[in-house]
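See structure below.
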Amino acid sequence: LWEGLPQLTVRDTGPGLPEALLDKVTERFRRASGQGTTGSGLGLSIVSELAQRQNARLTLSNRTPHGLVVNVVWEQN
């Protein structure tokens with residue numbers, strides 16, 4: 001699907017996110033409750049804004065058995 005396009009992928013081994021929040025955590029100050037982590041909820045909103053400004057696509061998905069995959073793909077003009 002994205003073969004040949006520049007991309008950045010980050011995979012972590014954390015708890016992942018509830019499926020219902022995957023499309024909402026890029027909103028400012030949105031955080032998943034009960035994750036046992038600190039933060040302001042701005043990180044993914046900043047990444048989302050930067051991706052939009054650079055004509056890139058941001059996708060989030062859960063890993064099996066746990067974790068999150070964040071992928072940024074720069075699209076051709």
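Each chain of the structure tokens is named A, B, ... in the order shown, its residues numbered from 1; ligands are numbered from 1 in display order.
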
>> Could you list, as a PyMOL selection string, every residue within 6 Å of segment 66-77 of chain A, counting only C-alpha atoms and ignoring same-chain residues fewer than 5 positions away?
In response: chain A and resi 6-16+56-61

>> I need the residue nearest Gly41 of chain A from this list: A:Glu19, A:Glu3, A:Thr26, A:Asn55. Use only C-alpha atoms for the distance.
In response: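 With only C-alpha atoms as the atom set, the closest residue is A:Thr26.
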
> Do you know which residues are at most 8 Å from Ala32 of chain A counting only C-alpha atoms, after dropping those on the same chain fewer than 6 positions away, and could you put them as a ChimeraX atom specification?
Replying inline: /A:17-18,21,25

Put those residues in a file: all heavy atoms, as a compact mmCIF listing (two decimals), in the first residue's frame.
```txt
# COMPACT_ATOMS: atom_id res chain seq x y z
N LEU A 17 -4.17 0.94 23.22
CA LEU A 17 -5.30 1.84 23.46
C LEU A 17 -6.61 1.11 23.21
O LEU A 17 -6.67 0.23 22.34
CB LEU A 17 -5.24 3.04 22.51
CG LEU A 17 -4.10 4.03 22.72
CD1 LEU A 17 -4.02 5.00 21.57
CD2 LEU A 17 -4.31 4.77 24.03
N PRO A 18 -7.66 1.50 23.91
CA PRO A 18 -8.97 0.96 23.56
C PRO A 18 -9.30 1.33 22.11
O PRO A 18 -9.01 2.45 21.66
CB PRO A 18 -9.92 1.66 24.54
CG PRO A 18 -9.06 2.10 25.67
CD PRO A 18 -7.72 2.39 25.06
N LEU A 21 -10.75 4.66 21.15
CA LEU A 21 -9.95 5.87 21.31
C LEU A 21 -8.91 6.06 20.21
O LEU A 21 -8.31 7.13 20.12
CB LEU A 21 -9.23 5.88 22.66
CG LEU A 21 -10.06 6.23 23.87
CD1 LEU A 21 -9.20 6.22 25.12
CD2 LEU A 21 -10.73 7.58 23.71
N VAL A 25 -7.36 9.98 20.08
CA VAL A 25 -6.20 10.38 20.87
C VAL A 25 -5.33 11.43 20.20
O VAL A 25 -4.40 11.93 20.81
CB VAL A 25 -5.33 9.18 21.32
CG1 VAL A 25 -6.06 8.32 22.30
CG2 VAL A 25 -4.82 8.41 20.13
```
